Structures are given as structure tokens and as C-alpha cells.
Amino acid sequence: MKCLIELIDCIFLGSGAEGSVYLTPEGFVIKRFSSIKAAKKEASILDDVKDSPFFPKVLIRVSNIVIREYVKGENLYEHIQKNGLSYSLSKEIIDLIEDLKRLNFKRLNVRNAHIFIDNNEKLMVIDPRKPYSKTTPYPKDIIKILLKLNVFDAFLKDLTNYKPHLLDYWIDGYDFIVHRYRHVLRYG
């Protein structure tokens, strides 16, 4: 089998602490990590969650490079700021957190920069980091976004209509954030 990918033909999407990200002409993402260990770790996590609809699928890992599905869309804050919070998106947020629990994630928080919403209001998460080692029992960044954009009450109403048995969890999350973090309204 002969496969050839030229980075010069790819679109540079960005870089961070762990490496650089490119979009191939075929519509896949190449993540070039700064270490093989980091690439193995991300590929392993994405393999663990391969049955989840909220994470991109890995095609292959070679050394310090991971090739995976591309995730289109805008981040959660931008999407809600432009379009408001729909019942459909509330359900996606609720289902995401329940899926993280099902996957035995200890870290239920996902940074805004790692949550993408597509045109059909389907949610995807990129860069799952330390999901089994760092404990964050509530989705604090999501709750902060909902508070900052003044849609947390609407979210709770949607939650009550969709999965009312989870209301205590989300209220506890709100209390956790308000009492632990003075900078609740960080986004904006």
C-alpha cells in the first residue's frame, strides 16, 4: 500500500502545547505531536471512546502523528452567542455529559475550545485530556458559558423536560462552580 501526504498540501489549523494540527485535502486531520507518548495517549483515549458519537474516530497513528476525522463547526460559546440555546443543543450537552459518565471519565469538564457544534447542532469534542486521572465532577466550563450567556435557566427548563432526574446533578454543578470559582463569568 502506498499512501503519501504532503504537509505543503494541507491547511494549517493551529498549534498548541502538544503539537500542530493540519487539514488534509481529503478532509482528515493530521495531528503532529511533540512526543510519541502524547500521540499514543490521545490515540488510546480516542480508541477507548470509539463507540461514542461525541468524539472523532482515529484512522491511524504512526510514531508521533495521529490521523483522525475532522470536526467542523464553531465552539460552544460562539454558537450559543450567535444562535441562542435550542432544545436540541441542550439535549446534546446533557447527552455528552451522560456519555462521559458512561465512559467512566473522572474529568467531566470540557474546555470551550474543545467543544464544536456543527450546522445540525451536533456536538463533538476534540482533544480529550486526562479524562481518567484528573477529577472534575461537573462540566464547569459549560455551566460558566450558559451563565455568561444568560441561558442557564433555559437550559434547566430543557433539562427538566428531557431528563428531569438529572436536575439535582446540574444544580449541584452550579453550586460547585459558584462556591469554588469567583470568576464564573470568564467567557466573553
# chains A, B, ... in the order shown; residues from 1 in each chain; ligands from 1
$ closest_atom_pairs --of "segment 49-81 of chain A" --to "segment 120-131 of chain A" --cutoff "7 Å" --atoms "only C-alpha atoms" --output "Markdown table"
| residue | atom | partner | partner_atom | distance |
| --- | --- | --- | --- | --- |
| A:Phe54 | CA | A:Met124 | CA | 4.5 |
| A:Phe55 | CA | A:Val125 | CA | 5.3 |
| A:Val71 | CA | A:Met124 | CA | 7.0 |
$ select_by_dssp --residues "chain A" --states "strand (DSSP E or B)" --output "MDAnalysis selection string"
chainID A and resid 11:16 19:23 28:33 58:62 65:69 74:75 107 115:117 123:125 136
$ closest_residue --among "A:Arg111, A:Lys101, A:Lys106, A:Lys163" --to "Thr136 of chain A" --atoms "only C-alpha atoms"
A:Lys106
$ residues_around --residues "Tyr174 of chain A" --least-positions-apart "4" --cutoff "8 Å" --atoms "only C-alpha atoms" --output "ChimeraX atom specification"
/A:140,143,170,178
$ write_last_selection --atoms "C-alpha atoms" --output "compact mmCIF listing (two decimals), in the first residue's frame"
# COMPACT_ATOMS: atom_id res chain seq x y z
CA LYS A 140 -17.77 23.71 34.93
CA ILE A 143 -22.06 25.84 33.09
CA TRP A 170 -26.76 20.20 37.32
CA VAL A 178 -20.35 29.45 42.34
$ residues_around --residues "segment 26-29 of chain A" --least-positions-apart "6" --cutoff "7 Å" --atoms "only C-alpha atoms" --output "ChimeraX atom specification"
/A:67-70
$ write_last_selection --atoms "N, CA, C and O atoms" --output "CSV table (one decimal), in the first residue's frame"
chain,number,residue,atom,x,y,z
A,67,ILE,N,-3.8,10.5,12.6
A,67,ILE,CA,-4.7,11.0,11.6
A,67,ILE,C,-6.1,10.6,12.0
A,67,ILE,O,-6.4,9.4,12.4
A,68,ARG,N,-7.0,11.6,12.1
A,68,ARG,CA,-8.4,11.3,12.6
A,68,ARG,C,-9.4,12.1,11.8
A,68,ARG,O,-9.0,12.9,10.9
A,69,GLU,N,-10.6,11.9,12.1
A,69,GLU,CA,-11.7,12.6,11.4
A,69,GLU,C,-11.6,14.1,11.7
A,69,GLU,O,-11.1,14.5,12.8
A,70,TYR,N,-12.0,14.9,10.8
A,70,TYR,CA,-12.1,16.4,11.0
A,70,TYR,C,-13.4,16.8,11.7
A,70,TYR,O,-14.4,16.2,11.3
$ select_by_dssp --residues "segment 15-167 of chain A" --states "helix (DSSP H, G or I)" --output "PyMOL selection string"
chain A and resi 36-48+76-83+87-102+112-114+140-148+152-162+164-167
$ closest_residue --among "A:Phe116, A:Phe105, A:Tyr169, A:Phe33" --to "Lys72 of chain A" --atoms "only C-alpha atoms"
A:Phe116
$ atom_distance --atom1 "atom CA of Asp118 of chain A" --atom2 "atom CA of Ala39 of chain A"
25.7 Å
$ closest_residue --among "A:Gln81, A:Ile171, A:Leu23, A:Ala43" --to "Ile5 of chain A" --atoms "only C-alpha atoms"
A:Leu23
$ closest_residue --among "A:Asn119, A:Thr160, A:Ser44, A:Ser35" --to "Asn83 of chain A" --atoms "only C-alpha atoms"
A:Asn119
$ closest_residue --among "A:Leu166, A:Ala38, A:Leu85, A:Thr135" --to "Ala17 of chain A" --atoms "only C-alpha atoms"
A:Ala38
$ residues_around --residues "Asp51 of chain A" --least-positions-apart "4" --cutoff "12 Å" --atoms "only C-alpha atoms" --output "PDB file with C-alpha atoms, in the first residue's frame"
ATOM      1  CA  ILE A  45      -8.244   7.703  24.641  1.00  0.00           C
ATOM      2  CA  LEU A  46      -9.984   8.094  21.276  1.00  0.00           C
ATOM      3  CA  ASP A  47      -9.869   4.329  20.829  1.00  0.00           C
ATOM      4  CA  PHE A  55     -15.571  12.075  19.576  1.00  0.00           C
ATOM      5  CA  PRO A  56     -13.760  11.881  16.226  1.00  0.00           C
ATOM      6  CA  LYS A  57     -12.548   8.481  15.060  1.00  0.00           C
ATOM      7  CA  VAL A  58      -8.841   7.753  14.660  1.00  0.00           C
ATOM      8  CA  ASP A  99     -21.816   9.781  27.862  1.00  0.00           C
ATOM      9  CA  LEU A 100     -18.666  10.964  29.655  1.00  0.00           C
ATOM     10  CA  ARG A 102     -20.803   6.152  30.932  1.00  0.00           C
ATOM     11  CA  LEU A 103     -17.229   6.133  29.649  1.00  0.00           C
TER      12      LEU A 103
END
$ closest_residue --among "A:Tyr77, A:Asn109, A:Arg180, A:Tyr132" --to "Lys148 of chain A" --atoms "only C-alpha atoms"
A:Tyr77
$ atom_distance --atom1 "atom CA of Asp158 of chain A" --atom2 "atom CA of Val49 of chain A"
26.5 Å
